[in-house]
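Since the structure comes first, as structure tokens, the remarks are kept for the end.
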Amino acid sequence: MPRHLDGLHPTTLLLLVCVVNLSRPVCVDIPSETKAVLGKMMKLTCISCMKREEVKAKTHVDWYYKPLGANNSKTLIYKYKINATEEVDGPFKGRLTWNGSQDLQDISISIVNVTMNDSGVYECHVLRKFEFDSYSPSALVEKNITLQVILEASTDTAALYSEVMMYLLLVFLTIWLLVEMVYCYRKISMADELAQDTAADYLAVPSEQKDNPVSE
């Protein structure tokens with residue numbers, strides 16, 4: 001064990017491990033919204049969760065746009081490469097912003113001041129190039145978002161109910177994790193107290209009885 005951990009109580013070490021595990025970032029692949037309100041900002045959500053071996057990969061992202069009804073005439077509108085974003089000349093220039101995460105599992109973008117002409121299919125292409133000692137494989141993920149621009153936002157009862165249920169579930173899981181941590185802490189503390197009591201009882205026995213145990 002490292003020297004700086006020698007003085008830590010076993011219970012403290014266990015709690016530290018629990019905190020580290022709970023604070024580990026979790027990636028959830030959620031779909032993007034498909035309706036944008038005219039004149040508002042719209043986030044095009046694109047999630048590409050990485051496995052443990054993919055953490056050191058170099059990520060390159062291309063966003064394409066294709067009007068509704070078009071066959072294969074898609075246009076490159078946004079790029080991300082080597083920790084830098086790049087807008088492409090066209091109708092979206094100046095209206096796109098990077099909305100991704102630092103770990104590049106969320107590689108979303110947002111459209112500022114949505115227009116009626118923004119309806120269409122958006123393609124998110126994520127290319128990861130892995131860095132291994134002997135070889136450098138790559139993997140490509142493509143996701144499509146069909147966006148519809150509407151004049152006013154409508155109240156979706158089902159979506160509101162789902163959102164409320166999601167928050168309730170998060171609260172329940174948080175409370176459950178806290179209860180589990182408290183239970184583990186109390187269980188380990190009781191085990192430590194029992195071990196200390198056993199050691200104290202053993203030390204309290206006279207040395208003569210330890211050397212000459214009573215035989216039946």
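If you're wondering about the labels, chains in the structure tokens are A, B, ... by order shown, residues count from 1 in each chain, ligands from 1 in order shown.
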
key: Neighbour list for Glu87 (chain A) as a ChimeraX atom specification, cut-off 9 Å, only C-alpha atoms, skip fewer than 2 positions in-chain   = /A:77-80,85,89-90,92-94,96-97

At most 7 Å is the cut-off: for each residue in region 34-101 of chain A with any atom that close to an atom of region 136-155 of chain A, write down the nearest atom pair and the distance in Å rounded to one decimal, counting only C-alpha atoms, chain first then increasing number, as JSON lines.
```
{"residue": "A:Thr34", "atom": "CA", "partner": "A:Leu147", "partner_atom": "CA", "distance": 4.7}
{"residue": "A:Lys35", "atom": "CA", "partner": "A:Gln148", "partner_atom": "CA", "distance": 4.9}
{"residue": "A:Ala36", "atom": "CA", "partner": "A:Val149", "partner_atom": "CA", "distance": 4.7}
{"residue": "A:Val37", "atom": "CA", "partner": "A:Ile150", "partner_atom": "CA", "distance": 5.1}
{"residue": "A:Leu38", "atom": "CA", "partner": "A:Leu151", "partner_atom": "CA", "distance": 5.3}
```

ask   = Could you pull the residues within 12 Å of Ala70 (chain A), counting only C-alpha atoms, minus those fewer than 3 positions along the same chain, as a VMD selection string?
value = chain A and resid 65 to 67 73 to 75 119 to 121

Just N, CA, C and O atoms for this one: save the residues we selected as a PDB file, in the first residue's frame.
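What landed in result-v6.pdb:
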```
ATOM      1  N   TYR A  65     -26.232  17.981 -43.603  1.00  0.00           N
ATOM      2  CA  TYR A  65     -27.643  18.342 -43.700  1.00  0.00           C
ATOM      3  C   TYR A  65     -28.181  17.938 -45.067  1.00  0.00           C
ATOM      4  O   TYR A  65     -27.513  18.119 -46.098  1.00  0.00           O
ATOM      5  N   LYS A  66     -29.404  17.386 -45.062  1.00  0.00           N
ATOM      6  CA  LYS A  66     -30.056  16.976 -46.304  1.00  0.00           C
ATOM      7  C   LYS A  66     -31.510  17.428 -46.260  1.00  0.00           C
ATOM      8  O   LYS A  66     -32.241  17.062 -45.332  1.00  0.00           O
ATOM      9  N   PRO A  67     -31.954  18.239 -47.222  1.00  0.00           N
ATOM     10  CA  PRO A  67     -33.347  18.703 -47.233  1.00  0.00           C
ATOM     11  C   PRO A  67     -34.320  17.535 -47.340  1.00  0.00           C
ATOM     12  O   PRO A  67     -33.986  16.469 -47.866  1.00  0.00           O
ATOM     13  N   SER A  73     -28.308  14.264 -51.860  1.00  0.00           N
ATOM     14  CA  SER A  73     -27.632  15.559 -51.910  1.00  0.00           C
ATOM     15  C   SER A  73     -27.487  16.142 -50.507  1.00  0.00           C
ATOM     16  O   SER A  73     -28.188  17.063 -50.108  1.00  0.00           O
ATOM     17  N   LYS A  74     -26.589  15.579 -49.717  1.00  0.00           N
ATOM     18  CA  LYS A  74     -26.344  16.098 -48.375  1.00  0.00           C
ATOM     19  C   LYS A  74     -25.152  17.049 -48.402  1.00  0.00           C
ATOM     20  O   LYS A  74     -24.240  16.932 -49.223  1.00  0.00           O
ATOM     21  N   THR A  75     -25.150  18.004 -47.474  1.00  0.00           N
ATOM     22  CA  THR A  75     -24.142  19.052 -47.435  1.00  0.00           C
ATOM     23  C   THR A  75     -23.436  19.052 -46.086  1.00  0.00           C
ATOM     24  O   THR A  75     -24.088  18.975 -45.029  1.00  0.00           O
ATOM     25  N   SER A 119     -35.800  22.564 -41.660  1.00  0.00           N
ATOM     26  CA  SER A 119     -36.383  21.222 -41.630  1.00  0.00           C
ATOM     27  C   SER A 119     -35.603  20.312 -42.582  1.00  0.00           C
ATOM     28  O   SER A 119     -35.221  20.730 -43.678  1.00  0.00           O
ATOM     29  N   GLY A 120     -35.382  19.088 -42.149  1.00  0.00           N
ATOM     30  CA  GLY A 120     -34.639  18.151 -42.980  1.00  0.00           C
ATOM     31  C   GLY A 120     -33.980  17.074 -42.146  1.00  0.00           C
ATOM     32  O   GLY A 120     -34.315  16.882 -40.969  1.00  0.00           O
ATOM     33  N   VAL A 121     -33.058  16.372 -42.766  1.00  0.00           N
ATOM     34  CA  VAL A 121     -32.349  15.263 -42.107  1.00  0.00           C
ATOM     35  C   VAL A 121     -30.924  15.699 -41.807  1.00  0.00           C
ATOM     36  O   VAL A 121     -30.200  16.153 -42.701  1.00  0.00           O
TER      37      VAL A 121
END
```

query = How many Å lie between CA of Cys27 (chain A) and CA of Gln102 (chain A), rounded to one decimal?
reply =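 These two atoms are separated by 12.4 Å.
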
Tell me, as a PDB file with N, CA, C and O atoms, in the first residue's frame, which residues lie within 12 Å of region 127-131 of chain A, counting only C-alpha atoms; anything in the same chain fewer than 3 positions away does not count.
```pdb
ATOM      1  N   SER A  48     -22.376   9.372 -28.593  1.00  0.00           N
ATOM      2  CA  SER A  48     -21.603   8.208 -29.026  1.00  0.00           C
ATOM      3  C   SER A  48     -20.765   7.743 -27.833  1.00  0.00           C
ATOM      4  O   SER A  48     -19.663   8.248 -27.597  1.00  0.00           O
ATOM      5  N   CYS A  49     -21.333   6.807 -27.067  1.00  0.00           N
ATOM      6  CA  CYS A  49     -20.666   6.340 -25.851  1.00  0.00           C
ATOM      7  C   CYS A  49     -19.409   5.554 -26.192  1.00  0.00           C
ATOM      8  O   CYS A  49     -19.403   4.735 -27.121  1.00  0.00           O
ATOM      9  N   MET A  50     -18.362   5.792 -25.422  1.00  0.00           N
ATOM     10  CA  MET A  50     -17.089   5.121 -25.637  1.00  0.00           C
ATOM     11  C   MET A  50     -16.900   3.994 -24.625  1.00  0.00           C
ATOM     12  O   MET A  50     -17.309   4.103 -23.469  1.00  0.00           O
ATOM     13  N   LYS A  51     -16.265   2.923 -25.087  1.00  0.00           N
ATOM     14  CA  LYS A  51     -15.866   1.853 -24.191  1.00  0.00           C
ATOM     15  C   LYS A  51     -14.567   2.238 -23.508  1.00  0.00           C
ATOM     16  O   LYS A  51     -13.925   3.226 -23.852  1.00  0.00           O
ATOM     17  N   ARG A  52     -14.177   1.440 -22.525  1.00  0.00           N
ATOM     18  CA  ARG A  52     -12.975   1.771 -21.757  1.00  0.00           C
ATOM     19  C   ARG A  52     -11.743   1.842 -22.642  1.00  0.00           C
ATOM     20  O   ARG A  52     -10.895   2.721 -22.488  1.00  0.00           O
ATOM     21  N   GLU A  53     -11.655   0.967 -23.623  1.00  0.00           N
ATOM     22  CA  GLU A  53     -10.467   0.944 -24.475  1.00  0.00           C
ATOM     23  C   GLU A  53     -10.485   2.056 -25.513  1.00  0.00           C
ATOM     24  O   GLU A  53      -9.511   2.270 -26.230  1.00  0.00           O
ATOM     25  N   GLU A  54     -11.606   2.782 -25.609  1.00  0.00           N
ATOM     26  CA  GLU A  54     -11.712   3.837 -26.603  1.00  0.00           C
ATOM     27  C   GLU A  54     -11.392   5.233 -26.052  1.00  0.00           C
ATOM     28  O   GLU A  54     -11.477   6.220 -26.773  1.00  0.00           O
ATOM     29  N   VAL A  55     -11.040   5.302 -24.758  1.00  0.00           N
ATOM     30  CA  VAL A  55     -10.855   6.598 -24.120  1.00  0.00           C
ATOM     31  C   VAL A  55      -9.725   7.389 -24.776  1.00  0.00           C
ATOM     32  O   VAL A  55      -9.786   8.608 -24.902  1.00  0.00           O
ATOM     33  N   LYS A  56      -8.661   6.721 -25.220  1.00  0.00           N
ATOM     34  CA  LYS A  56      -7.511   7.406 -25.800  1.00  0.00           C
ATOM     35  C   LYS A  56      -7.641   7.593 -27.316  1.00  0.00           C
ATOM     36  O   LYS A  56      -6.659   7.912 -27.974  1.00  0.00           O
ATOM     37  N   ALA A  57      -8.816   7.420 -27.846  1.00  0.00           N
ATOM     38  CA  ALA A  57      -9.000   7.551 -29.288  1.00  0.00           C
ATOM     39  C   ALA A  57      -9.098   9.026 -29.693  1.00  0.00           C
ATOM     40  O   ALA A  57      -9.548   9.873 -28.917  1.00  0.00           O
ATOM     41  N   LYS A  58      -8.665   9.313 -30.908  1.00  0.00           N
ATOM     42  CA  LYS A  58      -8.830  10.640 -31.485  1.00  0.00           C
ATOM     43  C   LYS A  58     -10.183  10.693 -32.185  1.00  0.00           C
ATOM     44  O   LYS A  58     -10.510   9.816 -32.973  1.00  0.00           O
ATOM     45  N   THR A  59     -10.952  11.731 -31.891  1.00  0.00           N
ATOM     46  CA  THR A  59     -12.324  11.825 -32.379  1.00  0.00           C
ATOM     47  C   THR A  59     -12.448  12.907 -33.445  1.00  0.00           C
ATOM     48  O   THR A  59     -11.976  14.039 -33.258  1.00  0.00           O
ATOM     49  N   HIS A  60     -13.091  12.537 -34.539  1.00  0.00           N
ATOM     50  CA  HIS A  60     -13.372  13.473 -35.639  1.00  0.00           C
ATOM     51  C   HIS A  60     -14.865  13.414 -35.922  1.00  0.00           C
ATOM     52  O   HIS A  60     -15.437  12.325 -36.089  1.00  0.00           O
ATOM     53  N   VAL A  61     -15.517  14.585 -35.958  1.00  0.00           N
ATOM     54  CA  VAL A  61     -16.967  14.648 -36.120  1.00  0.00           C
ATOM     55  C   VAL A  61     -17.326  15.484 -37.341  1.00  0.00           C
ATOM     56  O   VAL A  61     -16.771  16.585 -37.528  1.00  0.00           O
ATOM     57  N   ASP A  62     -18.238  14.969 -38.162  1.00  0.00           N
ATOM     58  CA  ASP A  62     -18.774  15.703 -39.309  1.00  0.00           C
ATOM     59  C   ASP A  62     -20.301  15.727 -39.199  1.00  0.00           C
ATOM     60  O   ASP A  62     -20.931  14.689 -38.969  1.00  0.00           O
ATOM     61  N   TRP A  63     -20.868  16.913 -39.359  1.00  0.00           N
ATOM     62  CA  TRP A  63     -22.318  17.065 -39.395  1.00  0.00           C
ATOM     63  C   TRP A  63     -22.757  17.399 -40.821  1.00  0.00           C
ATOM     64  O   TRP A  63     -22.182  18.292 -41.458  1.00  0.00           O
ATOM     65  N   LYS A  79     -17.788  20.817 -38.574  1.00  0.00           N
ATOM     66  CA  LYS A  79     -16.717  19.846 -38.379  1.00  0.00           C
ATOM     67  C   LYS A  79     -16.076  20.045 -37.002  1.00  0.00           C
ATOM     68  O   LYS A  79     -16.000  21.162 -36.489  1.00  0.00           O
ATOM     69  N   TYR A  80     -15.620  18.919 -36.445  1.00  0.00           N
ATOM     70  CA  TYR A  80     -14.825  18.952 -35.211  1.00  0.00           C
ATOM     71  C   TYR A  80     -13.621  18.037 -35.427  1.00  0.00           C
ATOM     72  O   TYR A  80     -13.779  16.862 -35.764  1.00  0.00           O
ATOM     73  N   LYS A  81     -12.430  18.597 -35.198  1.00  0.00           N
ATOM     74  CA  LYS A  81     -11.217  17.809 -35.406  1.00  0.00           C
ATOM     75  C   LYS A  81     -10.084  18.405 -34.595  1.00  0.00           C
ATOM     76  O   LYS A  81      -9.858  19.622 -34.625  1.00  0.00           O
ATOM     77  N   ILE A  82      -9.384  17.539 -33.871  1.00  0.00           N
ATOM     78  CA  ILE A  82      -8.203  17.912 -33.071  1.00  0.00           C
ATOM     79  C   ILE A  82      -8.537  19.081 -32.149  1.00  0.00           C
ATOM     80  O   ILE A  82      -7.925  20.166 -32.207  1.00  0.00           O
ATOM     81  N   LEU A 104     -16.067  14.072 -25.237  1.00  0.00           N
ATOM     82  CA  LEU A 104     -16.442  13.782 -26.624  1.00  0.00           C
ATOM     83  C   LEU A 104     -17.315  12.539 -26.771  1.00  0.00           C
ATOM     84  O   LEU A 104     -17.294  11.871 -27.801  1.00  0.00           O
ATOM     85  N   GLN A 105     -18.094  12.241 -25.745  1.00  0.00           N
ATOM     86  CA  GLN A 105     -19.144  11.240 -25.893  1.00  0.00           C
ATOM     87  C   GLN A 105     -20.438  11.909 -26.347  1.00  0.00           C
ATOM     88  O   GLN A 105     -21.245  11.315 -27.043  1.00  0.00           O
ATOM     89  N   ILE A 107     -21.461  14.720 -28.760  1.00  0.00           N
ATOM     90  CA  ILE A 107     -20.903  15.543 -29.821  1.00  0.00           C
ATOM     91  C   ILE A 107     -22.040  16.293 -30.529  1.00  0.00           C
ATOM     92  O   ILE A 107     -22.128  16.326 -31.756  1.00  0.00           O
ATOM     93  N   CYS A 124     -25.013  12.822 -38.199  1.00  0.00           N
ATOM     94  CA  CYS A 124     -23.866  12.982 -37.299  1.00  0.00           C
ATOM     95  C   CYS A 124     -22.917  11.805 -37.546  1.00  0.00           C
ATOM     96  O   CYS A 124     -23.258  10.655 -37.269  1.00  0.00           O
ATOM     97  N   SER A 134       0.636  -1.626 -31.417  1.00  0.00           N
ATOM     98  CA  SER A 134       0.975  -2.358 -32.642  1.00  0.00           C
ATOM     99  C   SER A 134       0.140  -1.934 -33.851  1.00  0.00           C
ATOM    100  O   SER A 134       0.590  -2.059 -34.984  1.00  0.00           O
ATOM    101  N   TYR A 135      -1.080  -1.421 -33.635  1.00  0.00           N
ATOM    102  CA  TYR A 135      -1.919  -1.054 -34.767  1.00  0.00           C
ATOM    103  C   TYR A 135      -2.860   0.076 -34.358  1.00  0.00           C
ATOM    104  O   TYR A 135      -3.029   0.350 -33.169  1.00  0.00           O
ATOM    105  N   SER A 136      -3.467   0.726 -35.343  1.00  0.00           N
ATOM    106  CA  SER A 136      -4.349   1.879 -35.095  1.00  0.00           C
ATOM    107  C   SER A 136      -5.668   1.692 -35.837  1.00  0.00           C
ATOM    108  O   SER A 136      -5.861   2.233 -36.938  1.00  0.00           O
ATOM    109  N   PRO A 137      -6.595   0.922 -35.279  1.00  0.00           N
ATOM    110  CA  PRO A 137      -7.892   0.720 -35.937  1.00  0.00           C
ATOM    111  C   PRO A 137      -8.775   1.964 -35.784  1.00  0.00           C
ATOM    112  O   PRO A 137      -8.455   2.890 -35.036  1.00  0.00           O
ATOM    113  N   SER A 138      -9.882   1.976 -36.482  1.00  0.00           N
ATOM    114  CA  SER A 138     -10.823   3.081 -36.410  1.00  0.00           C
ATOM    115  C   SER A 138     -12.249   2.548 -36.455  1.00  0.00           C
ATOM    116  O   SER A 138     -12.494   1.431 -36.911  1.00  0.00           O
ATOM    117  N   ALA A 139     -13.174   3.354 -35.976  1.00  0.00           N
ATOM    118  CA  ALA A 139     -14.590   2.978 -35.973  1.00  0.00           C
ATOM    119  C   ALA A 139     -15.429   4.185 -36.340  1.00  0.00           C
ATOM    120  O   ALA A 139     -15.165   5.309 -35.881  1.00  0.00           O
ATOM    121  N   LEU A 140     -16.437   3.965 -37.170  1.00  0.00           N
ATOM    122  CA  LEU A 140     -17.307   5.043 -37.639  1.00  0.00           C
ATOM    123  C   LEU A 140     -18.740   4.786 -37.179  1.00  0.00           C
ATOM    124  O   LEU A 140     -19.267   3.684 -37.363  1.00  0.00           O
ATOM    125  N   VAL A 141     -19.354   5.802 -36.568  1.00  0.00           N
ATOM    126  CA  VAL A 141     -20.743   5.730 -36.122  1.00  0.00           C
ATOM    127  C   VAL A 141     -21.528   6.831 -36.819  1.00  0.00           C
ATOM    128  O   VAL A 141     -21.087   7.990 -36.852  1.00  0.00           O
ATOM    129  N   GLU A 142     -22.679   6.480 -37.377  1.00  0.00           N
ATOM    130  CA  GLU A 142     -23.526   7.452 -38.070  1.00  0.00           C
ATOM    131  C   GLU A 142     -24.919   7.457 -37.438  1.00  0.00           C
ATOM    132  O   GLU A 142     -25.491   6.400 -37.197  1.00  0.00           O
ATOM    133  N   LYS A 143     -25.437   8.660 -37.193  1.00  0.00           N
ATOM    134  CA  LYS A 143     -26.774   8.804 -36.635  1.00  0.00           C
ATOM    135  C   LYS A 143     -27.538   9.873 -37.411  1.00  0.00           C
ATOM    136  O   LYS A 143     -26.963  10.899 -37.786  1.00  0.00           O
TER     137      LYS A 143
END
```

inquiry  = When DSSP is applied to the backbone of this structure, which of region 131-199 of chain A are assigned strand (DSSP E or B)? Write them out as a list in words.
reply    = Ser138, Ala139, Leu140, Val141, Glu142, Lys143, Asn144, Ile145, Thr146, Leu147, Gln148, Val149 and Ile150 of chain A

message = Which residues are close to Ile109 (chain A), i.e. within 8 Å by only C-alpha atoms, leaving aside same-chain residues fewer than 4 positions away? Reply as a ChimeraX atom specification.
response = /A:43-45,96-100

ask   = Which one of A:Asp133, A:Trp176, A:Glu123, A:Val164 sits closest to Asn72 (chain A) if you count only C-alpha atoms?
value =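 Closest candidate: A:Glu123.
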
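Across region 110-164 of chain A, DSSP run on the backbone finds helix (DSSP H, G or I) at A:Met116, A:Asn117, A:Asp118, A:Thr157, A:Ala158, A:Ala159, A:Leu160, A:Tyr161, A:Ser162, A:Glu163, A:Val164.
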
Can you spit out the residues from that selection as a compact mmCIF listing (two decimals), in the first residue's frame, using all heavy atoms?
```
# COMPACT_ATOMS: atom_id res chain seq x y z
N MET A 116 -37.64 28.15 -41.10
CA MET A 116 -38.46 27.11 -41.69
C MET A 116 -37.65 26.25 -42.65
O MET A 116 -37.97 25.08 -42.86
CB MET A 116 -39.66 27.73 -42.42
CG MET A 116 -40.64 28.45 -41.52
SD MET A 116 -41.34 27.41 -40.20
CE MET A 116 -42.24 26.20 -41.18
N ASN A 117 -36.61 26.82 -43.23
CA ASN A 117 -35.77 26.06 -44.16
C ASN A 117 -34.85 25.06 -43.47
O ASN A 117 -34.16 24.31 -44.14
CB ASN A 117 -34.93 27.02 -45.01
CG ASN A 117 -35.77 27.86 -45.94
OD1 ASN A 117 -36.83 27.43 -46.41
ND2 ASN A 117 -35.32 29.08 -46.21
N ASP A 118 -34.84 25.06 -42.12
CA ASP A 118 -33.97 24.14 -41.39
C ASP A 118 -34.57 22.75 -41.25
O ASP A 118 -33.91 21.84 -40.74
CB ASP A 118 -33.64 24.70 -40.00
CG ASP A 118 -32.80 25.97 -40.08
OD1 ASP A 118 -32.16 26.18 -41.12
OD2 ASP A 118 -32.79 26.73 -39.09
N THR A 157 -48.30 16.15 -23.15
CA THR A 157 -48.59 15.57 -21.83
C THR A 157 -47.73 14.35 -21.57
O THR A 157 -47.22 14.15 -20.46
CB THR A 157 -50.07 15.20 -21.73
OG1 THR A 157 -50.88 16.34 -22.04
CG2 THR A 157 -50.41 14.72 -20.33
N ALA A 158 -47.56 13.50 -22.58
CA ALA A 158 -46.77 12.29 -22.40
C ALA A 158 -45.31 12.62 -22.10
O ALA A 158 -44.68 12.00 -21.23
CB ALA A 158 -46.86 11.41 -23.64
N ALA A 159 -44.77 13.63 -22.80
CA ALA A 159 -43.39 14.02 -22.56
C ALA A 159 -43.22 14.61 -21.16
O ALA A 159 -42.22 14.34 -20.47
CB ALA A 159 -42.94 15.02 -23.61
N LEU A 160 -44.20 15.42 -20.72
CA LEU A 160 -44.15 15.99 -19.38
C LEU A 160 -44.22 14.91 -18.32
O LEU A 160 -43.47 14.93 -17.33
CB LEU A 160 -45.30 16.98 -19.20
CG LEU A 160 -45.39 17.69 -17.83
CD1 LEU A 160 -44.13 18.51 -17.58
CD2 LEU A 160 -46.63 18.56 -17.77
N TYR A 161 -45.08 13.93 -18.51
CA TYR A 161 -45.20 12.81 -17.57
C TYR A 161 -43.90 12.01 -17.51
O TYR A 161 -43.43 11.64 -16.43
CB TYR A 161 -46.35 11.91 -17.99
CG TYR A 161 -46.51 10.67 -17.14
CD1 TYR A 161 -47.09 10.72 -15.88
CD2 TYR A 161 -46.06 9.43 -17.62
CE1 TYR A 161 -47.22 9.58 -15.12
CE2 TYR A 161 -46.19 8.28 -16.86
CZ TYR A 161 -46.77 8.36 -15.61
OH TYR A 161 -46.89 7.23 -14.86
N SER A 162 -43.29 11.78 -18.68
CA SER A 162 -42.02 11.04 -18.72
C SER A 162 -40.91 11.79 -18.00
O SER A 162 -40.09 11.20 -17.30
CB SER A 162 -41.62 10.77 -20.17
OG SER A 162 -42.59 10.00 -20.84
N GLU A 163 -40.90 13.12 -18.17
CA GLU A 163 -39.87 13.92 -17.51
C GLU A 163 -40.03 13.88 -16.00
O GLU A 163 -39.04 13.75 -15.26
CB GLU A 163 -39.94 15.36 -18.01
CG GLU A 163 -38.83 16.25 -17.49
CD GLU A 163 -38.86 17.64 -18.10
OE1 GLU A 163 -39.70 17.87 -18.99
OE2 GLU A 163 -38.04 18.48 -17.69
N VAL A 164 -41.27 14.00 -15.51
CA VAL A 164 -41.52 13.93 -14.07
C VAL A 164 -41.10 12.58 -13.52
O VAL A 164 -40.46 12.48 -12.45
CB VAL A 164 -43.00 14.22 -13.77
CG1 VAL A 164 -43.31 13.96 -12.30
CG2 VAL A 164 -43.35 15.65 -14.13
```

ask   = Separation of CA of Asn71 (chain A) and CA of Tyr122 (chain A), in Å?
value =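 Separation of CA of Asn71 (chain A) and CA of Tyr122 (chain A): 13.4 Å.
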
request  = Would you mind reading off the distance between CA of Gly39 (chain A) and CA of Ser101 (chain A), one decimal, in Å?
outcome  =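 Interatomic distance here is 25.0 Å.
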